[in-house]
Structures are given as C-alpha cells and as structure tokens.
file input_25.cif (mmCIF, C-alpha atoms and all ligand atoms)
data_data
loop_
_atom_site.label_atom_id
_atom_site.label_comp_id
_atom_site.auth_asym_id
_atom_site.auth_seq_id
_atom_site.Cartn_x
_atom_site.Cartn_y
_atom_site.Cartn_z
CA MET Q 1 22.99 2.34 20.22
CA ALA Q 2 21.46 2.66 23.65
CA ILE Q 3 20.13 -0.44 25.39
CA PHE Q 4 16.73 -0.09 27.02
CA LYS Q 5 14.45 -2.20 29.14
CA THR Q 6 11.49 -1.95 26.79
CA GLN Q 7 8.32 -1.06 28.70
CA VAL Q 8 4.87 -1.93 27.40
CA VAL Q 9 1.97 0.32 28.41
CA SER Q 10 -1.64 -0.34 27.39
CA GLU Q 11 -3.24 2.46 25.41
CA HIS Q 12 -6.06 2.43 27.97
CA GLU Q 13 -3.77 2.96 30.98
CA ASP Q 14 -3.81 6.38 32.65
CA GLY Q 15 -0.71 8.22 31.67
CA ALA Q 16 -0.09 6.24 28.44
CA ILE Q 17 -0.31 9.38 26.34
CA SER Q 18 1.79 11.52 28.67
CA SER Q 19 4.53 8.85 28.98
CA ALA Q 20 4.78 8.65 25.20
CA VAL Q 21 4.81 12.42 24.77
CA GLU Q 22 7.43 12.90 27.49
CA LEU Q 23 9.78 10.41 25.83
CA LEU Q 24 9.20 11.87 22.36
CA ARG Q 25 9.87 15.41 23.68
CA ALA Q 26 13.15 14.20 25.14
CA GLY Q 27 14.21 12.89 21.70
CA ASN Q 28 13.44 9.19 22.27
CA LEU Q 29 11.66 6.64 20.11
CA VAL Q 30 8.27 5.15 21.01
CA ALA Q 31 6.48 2.31 19.20
CA ILE Q 32 2.87 3.30 18.60
CA PRO Q 33 -0.19 1.46 17.33
CA THR Q 34 -1.93 2.60 14.16
CA GLU Q 35 -4.84 1.03 12.30
CA THR Q 36 -2.41 -0.48 9.73
CA VAL Q 37 0.75 -1.72 11.49
CA TYR Q 38 2.77 -0.54 14.51
CA GLY Q 39 4.98 2.48 13.86
CA LEU Q 40 8.36 3.47 15.30
CA ALA Q 41 7.81 7.11 16.19
CA ALA Q 42 10.06 10.11 16.72
CA ASP Q 43 9.29 13.83 16.84
CA ALA Q 44 9.57 14.69 13.14
CA THR Q 45 11.15 18.06 13.93
CA GLU Q 46 14.03 16.57 15.97
CA HIS Q 47 16.98 15.66 13.76
CA CYS Q 48 18.75 13.39 16.26
CA ALA Q 49 15.57 11.57 17.20
CA VAL Q 50 14.74 10.86 13.55
CA GLN Q 51 18.29 9.70 12.96
CA GLN Q 52 17.78 7.12 15.71
CA ILE Q 53 14.88 5.59 13.76
CA TYR Q 54 17.27 4.74 10.92
CA GLU Q 55 19.76 3.28 13.39
CA ALA Q 56 17.24 1.20 15.32
CA LYS Q 57 15.77 -0.28 12.12
CA GLY Q 58 19.04 -0.57 10.20
CA ARG Q 59 17.21 1.38 7.49
CA PRO Q 60 19.04 2.69 4.41
CA SER Q 61 19.29 6.48 4.74
CA ASN Q 62 17.73 7.08 1.30
CA ASN Q 63 14.37 5.60 2.32
CA PRO Q 64 12.12 8.46 3.50
CA LEU Q 65 9.65 8.26 6.40
CA ILE Q 66 5.93 9.01 6.60
CA CYS Q 67 4.94 11.99 8.76
CA HIS Q 68 1.88 11.27 10.89
CA VAL Q 69 -0.36 14.24 11.65
CA SER Q 70 -3.34 14.69 13.97
CA ASP Q 71 -5.53 16.41 11.36
CA ILE Q 72 -5.63 18.21 8.01
CA GLU Q 73 -4.65 21.52 9.60
CA MET Q 74 -1.40 20.08 10.93
CA ALA Q 75 -0.59 18.65 7.49
CA LYS Q 76 -1.11 22.06 5.93
CA SER Q 77 1.64 23.59 8.08
CA TYR Q 78 4.22 21.27 6.55
CA VAL Q 79 3.11 20.48 2.98
CA VAL Q 80 1.40 22.37 0.16
CA VAL Q 81 -2.12 20.91 -0.10
CA PRO Q 82 -3.71 21.43 -3.54
CA PRO Q 83 -7.52 21.11 -3.78
CA ILE Q 84 -7.36 17.54 -5.11
CA ALA Q 85 -5.26 16.48 -2.08
CA GLU Q 86 -7.54 18.27 0.36
CA LYS Q 87 -10.52 16.45 -1.14
CA MET Q 88 -8.74 13.09 -0.59
CA MET Q 89 -7.90 14.04 2.99
CA GLN Q 90 -11.52 14.96 3.66
CA ARG Q 91 -12.75 11.71 2.16
CA PHE Q 92 -10.18 9.23 3.52
CA TRP Q 93 -8.70 10.75 6.71
CA PRO Q 94 -8.28 9.62 9.36
CA GLY Q 95 -7.42 6.38 7.57
CA PRO Q 96 -4.83 4.22 5.80
CA LEU Q 97 -3.92 6.65 3.00
CA SER Q 98 -0.58 8.49 2.84
CA LEU Q 99 -0.15 11.41 0.44
CA VAL Q 100 3.20 12.48 -1.01
CA LEU Q 101 3.07 16.25 -1.43
CA GLU Q 102 5.43 19.16 -1.98
CA MET Q 103 7.05 20.16 1.30
CA ARG Q 104 6.65 23.79 2.40
CA GLN Q 105 9.79 25.83 2.23
CA ALA Q 106 11.40 26.68 5.55
CA THR Q 107 9.61 23.74 7.13
CA LYS Q 108 10.72 22.56 10.55
CA ILE Q 109 10.66 18.89 9.49
CA ALA Q 110 14.07 17.32 10.15
CA LEU Q 111 15.98 16.59 6.93
CA PRO Q 112 16.30 12.79 7.37
CA VAL Q 113 12.48 12.43 7.47
CA SER Q 114 12.27 13.06 3.73
CA ALA Q 115 15.76 11.64 3.10
CA GLY Q 116 16.59 14.93 1.43
CA LEU Q 117 13.65 14.91 -1.05
CA HIS Q 118 11.56 18.06 -1.53
CA THR Q 119 8.40 16.03 -1.01
CA LEU Q 120 6.90 14.68 2.21
CA ALA Q 121 4.54 11.76 2.81
CA VAL Q 122 1.76 12.73 5.26
CA ARG Q 123 -0.84 10.51 6.86
CA CYS Q 124 -3.49 10.89 9.57
CA PRO Q 125 -3.84 7.50 11.30
CA ASP Q 126 -7.26 6.20 12.26
CA HIS Q 127 -6.17 5.56 15.82
CA GLU Q 128 -7.52 7.80 18.56
CA ILE Q 129 -4.71 7.42 21.11
CA THR Q 130 -1.97 7.91 18.54
CA ARG Q 131 -3.69 11.04 17.22
CA GLN Q 132 -3.92 12.30 20.81
CA ILE Q 133 -0.18 11.67 21.26
CA ILE Q 134 0.54 13.73 18.12
CA ARG Q 135 -1.84 16.49 19.25
CA ALA Q 136 -0.26 16.65 22.71
CA LEU Q 137 3.27 16.68 21.25
CA GLY Q 138 2.22 19.52 18.95
CA HIS Q 139 4.41 18.21 16.12
CA PRO Q 140 3.99 15.46 13.53
CA ILE Q 141 5.65 12.15 14.28
CA ALA Q 142 7.85 10.43 11.74
CA ALA Q 143 7.04 6.73 11.89
CA PRO Q 144 8.05 3.87 9.63
CA SER Q 145 6.77 0.41 10.42
CA ALA Q 146 8.30 -0.76 13.73
CA ASN Q 147 10.38 -3.66 12.36
CA PRO Q 148 14.03 -4.14 11.47
CA SER Q 149 14.54 -3.01 7.86
CA GLY Q 150 13.53 -5.64 5.30
CA LYS Q 151 11.45 -7.71 7.72
CA LEU Q 152 7.69 -8.14 8.00
CA SER Q 153 5.78 -5.19 9.45
CA PRO Q 154 4.49 -5.72 13.03
CA THR Q 155 0.79 -6.14 13.72
CA SER Q 156 1.10 -6.82 17.48
CA VAL Q 157 3.20 -5.79 20.47
CA ALA Q 158 4.85 -9.22 20.43
CA ASP Q 159 6.03 -8.58 16.86
CA VAL Q 160 7.49 -5.19 17.84
CA LYS Q 161 9.27 -6.77 20.81
CA THR Q 162 10.75 -9.54 18.66
CA GLY Q 163 12.24 -7.03 16.24
CA LEU Q 164 13.12 -4.01 18.38
CA GLY Q 165 12.97 -5.12 22.04
CA GLY Q 166 15.88 -3.57 23.96
CA LYS Q 167 16.36 -0.84 21.35
CA ILE Q 168 13.43 1.38 22.40
CA PRO Q 169 12.17 2.50 25.81
CA LEU Q 170 8.40 2.21 25.26
CA ILE Q 171 5.72 0.40 23.26
CA ILE Q 172 2.11 1.59 23.48
CA ASP Q 173 -0.07 -1.52 23.31
CA GLY Q 174 -3.13 -1.07 21.12
CA GLY Q 175 -3.77 -4.79 20.58
CA ASN Q 176 -3.69 -6.40 17.14
CA THR Q 177 -3.89 -3.91 14.31
CA ASP Q 178 -7.08 -3.80 12.33
CA VAL Q 179 -6.00 -3.30 8.71
CA GLY Q 180 -2.89 -5.50 8.90
CA ILE Q 181 -0.88 -4.09 5.98
CA GLU Q 182 0.69 -0.66 5.47
CA SER Q 183 -1.16 2.38 4.16
CA THR Q 184 -1.82 3.08 0.50
CA ILE Q 185 0.62 5.75 -0.75
CA VAL Q 186 -0.53 8.20 -3.42
CA GLY Q 187 1.70 10.86 -4.94
CA VAL Q 188 0.13 14.10 -6.17
CA ARG Q 189 1.97 15.90 -8.94
CA ALA Q 190 0.64 18.69 -11.18
CA GLY Q 191 -2.92 17.80 -10.16
CA LYS Q 192 -2.52 14.13 -11.11
CA LEU Q 193 -2.64 11.09 -8.80
CA TYR Q 194 -0.10 8.27 -8.82
CA LEU Q 195 -0.30 5.04 -6.84
CA LEU Q 196 3.11 4.57 -5.18
CA ARG Q 197 2.14 1.67 -2.87
CA PRO Q 198 -1.16 -0.27 -2.98
CA GLY Q 199 -3.12 -0.75 0.25
CA THR Q 200 -6.65 -1.36 1.49
CA VAL Q 201 -7.77 2.03 0.17
CA THR Q 202 -7.65 0.86 -3.45
CA ALA Q 203 -6.94 2.83 -6.62
CA ASP Q 204 -10.57 2.15 -7.61
CA ASP Q 205 -11.84 3.54 -4.27
CA ILE Q 206 -9.84 6.70 -4.88
CA SER Q 207 -10.74 7.23 -8.52
CA GLN Q 208 -14.41 6.62 -7.75
CA ALA Q 209 -14.42 9.10 -4.87
CA MET Q 210 -12.38 11.68 -6.74
CA GLY Q 211 -13.71 11.28 -10.28
CA GLU Q 212 -10.06 11.21 -11.38
CA PRO Q 213 -7.86 8.46 -12.75
CA VAL Q 214 -5.12 7.05 -10.51
CA PHE Q 215 -2.01 6.40 -12.58
CA ASP Q 216 0.57 3.72 -12.10
CA ARG Q 217 3.74 4.75 -10.29
CA ASP Q 218 5.84 3.78 -13.33
CA ASN Q 219 4.28 6.69 -15.20
CA SER Q 220 5.19 9.18 -12.50
CA GLU Q 221 8.37 11.11 -12.10
CA ILE Q 222 7.95 10.85 -8.38
CA THR Q 223 10.96 9.37 -6.69
CA ALA Q 224 9.99 6.62 -4.30
CA PRO Q 225 13.32 5.35 -3.07
CA GLY Q 226 13.54 2.51 -0.65
CA GLN Q 227 10.75 0.51 -2.27
CA LEU Q 228 13.10 -2.38 -2.92
CA ALA Q 229 11.83 -5.44 -4.76
CA SER Q 230 12.85 -7.67 -1.87
CA HIS Q 231 11.21 -6.62 1.37
CA TYR Q 232 8.97 -8.12 4.01
CA ALA Q 233 11.25 -11.11 3.85
CA PRO Q 234 10.50 -14.08 6.10
CA THR Q 235 13.38 -16.51 6.66
CA ALA Q 236 11.63 -19.12 4.52
CA HIS Q 237 11.22 -18.83 0.75
CA VAL Q 238 7.78 -17.88 -0.44
CA ARG Q 239 6.06 -19.59 -3.38
CA MET Q 240 2.98 -17.80 -4.68
CA ASN Q 241 -0.05 -19.10 -6.60
CA ALA Q 242 0.32 -22.58 -5.12
CA SER Q 243 -2.62 -25.00 -5.38
CA HIS Q 244 -1.11 -27.32 -2.78
CA ALA Q 245 2.04 -27.72 -0.69
CA ASP Q 246 4.93 -30.03 -1.58
CA ASP Q 247 6.40 -32.24 1.15
CA SER Q 248 8.86 -29.72 2.55
CA GLU Q 249 6.43 -26.82 2.41
CA ILE Q 250 3.96 -25.23 4.77
CA MET Q 251 0.77 -24.00 3.12
CA ILE Q 252 -1.19 -20.77 3.54
CA GLY Q 253 -4.68 -21.15 2.10
CA PHE Q 254 -7.30 -18.71 0.90
CA GLY Q 255 -10.98 -19.35 0.16
CA ASP Q 256 -11.45 -22.82 -1.31
CA VAL Q 257 -7.72 -23.58 -1.30
CA ALA Q 258 -6.99 -25.15 2.08
CA GLY Q 259 -3.74 -24.89 4.01
CA ASN Q 260 -2.07 -25.29 7.40
CA TYR Q 261 -3.27 -21.72 7.88
CA THR Q 262 -5.81 -19.71 5.94
CA LEU Q 263 -5.85 -15.97 5.18
CA SER Q 264 -9.64 -16.17 4.95
CA HIS Q 265 -11.91 -19.22 4.77
CA SER Q 266 -14.61 -17.21 3.07
CA GLY Q 267 -12.25 -15.61 0.56
CA ASP Q 268 -12.66 -12.14 2.10
CA LEU Q 269 -9.76 -9.92 0.95
CA ARG Q 270 -10.04 -7.44 3.83
CA GLU Q 271 -9.78 -10.31 6.33
CA ALA Q 272 -6.86 -11.74 4.34
CA ALA Q 273 -4.96 -8.44 4.56
CA GLN Q 274 -5.61 -8.31 8.31
CA ASN Q 275 -4.18 -11.81 8.74
CA LEU Q 276 -1.35 -11.65 6.16
CA PHE Q 277 1.71 -10.68 8.20
CA ARG Q 278 0.58 -12.57 11.33
CA ILE Q 279 0.18 -15.80 9.36
CA LEU Q 280 3.40 -15.31 7.37
CA ARG Q 281 5.22 -14.97 10.71
CA ALA Q 282 3.52 -18.05 12.14
CA ALA Q 283 4.32 -20.09 9.02
CA ASP Q 284 7.92 -18.86 9.13
CA ASN Q 285 8.22 -19.82 12.80
CA THR Q 286 7.47 -23.46 11.95
CA GLY Q 287 10.96 -23.57 10.43
CA ALA Q 288 9.65 -24.76 7.05
CA GLN Q 289 11.99 -24.07 4.14
CA THR Q 290 9.26 -22.79 1.87
CA ILE Q 291 5.91 -21.16 2.49
CA ALA Q 292 3.44 -21.95 -0.31
CA VAL Q 293 0.61 -19.42 -0.66
CA ALA Q 294 -2.72 -19.98 -2.43
CA PRO Q 295 -3.60 -17.70 -5.36
CA ILE Q 296 -5.02 -14.34 -4.27
CA PRO Q 297 -7.31 -12.69 -6.84
CA ASN Q 298 -5.52 -9.66 -8.22
CA HIS Q 299 -8.23 -7.08 -7.83
CA SER Q 300 -9.33 -4.67 -5.11
CA ILE Q 301 -7.39 -5.31 -1.86
CA GLY Q 302 -5.90 -8.43 -3.48
CA ILE Q 303 -3.55 -6.11 -5.43
CA ALA Q 304 -1.99 -4.92 -2.15
CA ILE Q 305 -1.76 -8.47 -0.77
CA ASN Q 306 -0.04 -9.71 -3.96
CA ASP Q 307 2.33 -6.72 -3.82
CA ARG Q 308 3.48 -7.74 -0.30
CA LEU Q 309 3.68 -11.42 -1.28
CA LYS Q 310 5.77 -10.60 -4.37
CA ARG Q 311 8.24 -8.70 -2.23
CA ALA Q 312 8.37 -11.57 0.25
CA ALA Q 313 8.96 -13.99 -2.64
CA ALA Q 314 11.55 -11.87 -4.49
CA PRO Q 315 15.22 -12.90 -4.54
CA ARG Q 316 16.81 -11.37 -1.45
CA GLU Q 317 18.85 -8.19 -1.87
CA ALA Q 318 21.42 -7.15 0.67
CA THR Q 319 20.15 -4.04 2.48
O1 LIG Q 401 0.76 2.21 7.31
C1 LIG Q 401 1.84 2.79 7.21
O2 LIG Q 401 2.09 3.57 6.28
C2 LIG Q 401 2.88 2.51 8.29
C3 LIG Q 401 2.35 3.03 9.63
C4 LIG Q 401 3.35 2.96 10.74
O3 LIG Q 401 1.86 4.33 9.47
N1 LIG Q 401 4.14 3.11 7.96
C5 LIG Q 401 4.95 2.62 6.97
O4 LIG Q 401 6.16 3.27 6.83
O5 LIG Q 401 4.65 1.68 6.28
P1 LIG Q 401 7.39 2.63 6.03
O6 LIG Q 401 8.55 3.48 6.36
O7 LIG Q 401 7.52 1.21 6.37
O8 LIG Q 401 7.03 2.88 4.53
C6 LIG Q 401 7.03 4.20 4.05
C7 LIG Q 401 7.34 4.26 2.59
C8 LIG Q 401 8.82 4.30 2.27
O9 LIG Q 401 9.35 3.07 1.98
C9 LIG Q 401 8.90 5.21 1.06
O10 LIG Q 401 8.96 4.44 -0.11
C10 LIG Q 401 7.57 5.95 1.06
O11 LIG Q 401 6.85 5.53 2.15
N2 LIG Q 401 7.81 7.39 1.16
C11 LIG Q 401 7.97 8.14 2.28
N3 LIG Q 401 8.20 9.41 1.98
C12 LIG Q 401 8.18 9.50 0.63
C13 LIG Q 401 8.37 10.57 -0.31
N4 LIG Q 401 8.62 11.81 0.09
N5 LIG Q 401 8.27 10.27 -1.63
C14 LIG Q 401 8.02 9.02 -2.04
N6 LIG Q 401 7.84 7.96 -1.21
C15 LIG Q 401 7.93 8.21 0.11
MG MG Q 402 8.17 -0.64 6.47
#
call {"tool": "encode", "arguments": {"input": "input_25.cif", "output": "structure tokens"}}
result
Amino acid sequence: MAIFKTQVVSEHEDGAISSAVELLRAGNLVAIPTETVYGLAADATEHCAVQQIYEAKGRPSNNPLICHVSDIEMAKSYVVVPPIAEKMMQRFWPGPLSLVLEMRQATKIALPVSAGLHTLAVRCPDHEITRQIIRALGHPIAAPSANPSGKLSPTSVADVKTGLGGKIPLIIDGGNTDVGIESTIVGVRAGKLYLLRPGTVTADDISQAMGEPVFDRDNSEITAPGQLASHYAPTAHVRMNASHADDSEIMIGFGDVAGNYTLSHSGDLREAAQNLFRILRAADNTGAQTIAVAPIPNHSIGIAINDRLKRAAAPREAT
C-alpha cells in the first residue's frame, strides 16, 4: 500500500475539480464530499483503482460499492432503468437515494465495483462539486464511505484524515456533510421496490411519491452482501433506549432526555441524523466504556438512526 502525504483542497479553490479528476484519471483514490457522508472515490471503470478502495478500507471483497453518476443519462449507460426506477430518479435525484438495478451487459464497470453481482447500485449525489468531478471525468465514480471498514462513516475532513490519512493523496474539503448518514438504498426487482438500507429518504416518502408499496428487504431475493450486523462500531459499547447514564457511561440525549451531548434538543429527527456520527465519535473519544443513547422514535428518519445505532450496539464480528 502506497504511503501518501494527504493533501486537503477546499472545494471552492481554483483547480479543486481538475486536481481530483487528474488523480482519478491516473488510477488514484480521492476522498470527496457528498451530501450524506464523505466517499472514497475511484474511476469505476478502472479495475486497479477500484481494487485499491478495498485495500485502503480493509473492506471484504464481497461487499459491493455504489456507483456515483452525474445525472440520469449517465446511469442509463450502465444499468437498465425501468419506468418505476426512472420515476424515482426524477423525483429524488440528485439526492440521498441509491438504486440497485440490473447492470447492462458488456458494461465497462470494473468487476470489483459490484463484487461480481449482476446488479449495480447507482446514486446521483446532491453535491455540485462532486457532480462536476464526475462529469469532467466522464465516468461514474465508485465510492464507499471514506472510513476503514467497520468504523463510523466520516462527516468531516478531520474524520477522513483520522481513518485514511496517509493512504490517499487528496481529500476535497466540502465542510461538514448535511445529511449525516448514508443514502437510502432501494432495490428494484420485477417492478417491485425493496428497502435494502433505510436513510433520510424514508420508505413512506418513496411509497407516497410513487404510489407503490416499499417492501422489506427480508422479502426480497436481492443479495445485499456486506450489510453485516456489526458495523459503524465505535470503540465503546453502545446501549440503546437509555433513560439515563450509569456511572461509567457517557450519555447521548434526544429531545426531553438530556445527556452529555444531544442529537437534537427539539427532538428533530433530521437534525439528529445530521449529528449522529459526529456525536458518536465525540462520545467515543472521551474514552468512556459505554455510550448510552436516549430512545429514538422508530418512525420516519428515526428508523434509519435506529438502524445505525443497532449496528453500533451489535456484538462485534471480526471483519
Ligand atoms: O451515502 C452513501 O451511500 C455513501 C456516500 C459516499 O455516497 N456511500 C456508502 O457506501 O454508504 P458504502 O459502501 O459504505 O455502502 C454501500 C452499501 C454496501 O454495503 C452494500 O450493501 C450496498 O451498498 N450495495 C452496493 N451495491 C449493491 C448491489 N449491487 N446490491 C445490493 N447492495 C449493494
Ligand atoms: Mg460504509
């Protein structure tokens, strides 16, 4: 694994886009901001570059990557887009919704992007500079969250540096991410929709916009490898649904339940998602053995927050 002096360039700096594109063209990795979390990007059509993503993250090779596109047209060159998927793209793109679709045959997408599956996850990020990078590159970028495998996703440049500093040549600084948790993933199969990962675009948002039910992933035959029970693991243990902290614990509050930190004083779920990984990191950095987290209502965006908390609280698996 190459050792780099990791450079940080502001998204507003002249030449930010061209520096990123130049490195990507040469087969290097670049950390890029998106509206959800920072991504670790490679040209999705370059086998060796994509392979480096797995190495840099220590990611199991059976865990496929999301392909980020600049627009619907670019997606259509790589995946088959049925009418129901096109309608979702028109309604929710650019934005935090990834769609798992049938890959086109004879596609130029490098094999390790889909980890050998015949489907591909595509997403158009709601981030102007990152879309411009993709447009200028002329290819989709494969980008998982820019963290070592199994750790919390990064919502700031400092987080990316902590996890991957020295392993990548460039980070494009887009400030703190807005959404704070990873995109919703929906699989489309035989005209039906399946929720593979909850996010801030909720199943209710989608079924309301589409006039179609969104089924649970357990009812799908869609393979979603790599979604291990234990993930997003801080060093500390996580205890959910806590009304107060015990002596050895640090407390994350929500709404009326107070804590050393709070996800949202006013009980706003969107704000809580935005703060979730940042506050989990801060609580973990105190060195406390256990992080106690207030109950989060399990509806709307709360479903996605509880999903991430459950993975953080799950018994640790070796990855
Ligand atoms: O918000 C996001 O989605 C962020 C930013 C960087 O865009 N990316 C992200 O990627 O969260 P990652 O690699 O951390 O999570 C992607 C997940 C994988 O764990 C895998 O389960 C699922 O997407 N996935 C990717 N391709 C798939 C496929 N063909 N079929 C089923 N699931 C797939
Ligand atoms: Mg990830």
call {"tool": "residues_near_ligand", "arguments": {"input": "input_25.cif", "ligand": "ligand LIG 401 (chain Q)", "cutoff": "8 Å", "atoms": "only C-alpha atoms and all ligand atoms", "output": "ChimeraX atom specification"}}
result
/Q:32-40,63-68,96-98,100-101,113-115,117-123,125,143-146,153,181-185,187,196-197,222-227
call {"tool": "atom_distance", "arguments": {"input": "input_25.cif", "atom1": "atom CA of Q:Ala16", "atom2": "atom CA of Q:Trp93"}}
result
23.8 Å
call {"tool": "closest_residue", "arguments": {"input": "input_25.cif", "among": "Q:Pro297, Q:Pro94, Q:Gly163, Q:Pro154", "to": "ligand MG 402 (chain Q)", "atoms": "all atoms listed in the file"}}
result
Q:Pro154
call {"tool": "closest_residue", "arguments": {"input": "input_25.cif", "among": "Q:Leu276, Q:Val50, Q:Leu152, Q:Leu195", "to": "ligand MG 402 (chain Q)", "atoms": "all atoms listed in the file"}}
result
Q:Leu152
call {"tool": "atom_distance", "arguments": {"input": "input_25.cif", "atom1": "atom CA of Q:Asn28", "atom2": "atom CA of Q:Ala142"}}
result
12.0 Å
call {"tool": "closest_residue", "arguments": {"input": "input_25.cif", "among": "Q:Ala288, Q:Ala2, Q:Leu29, Q:Val79", "to": "Q:Ile172", "atoms": "all atoms listed in the file"}}
result
Q:Leu29
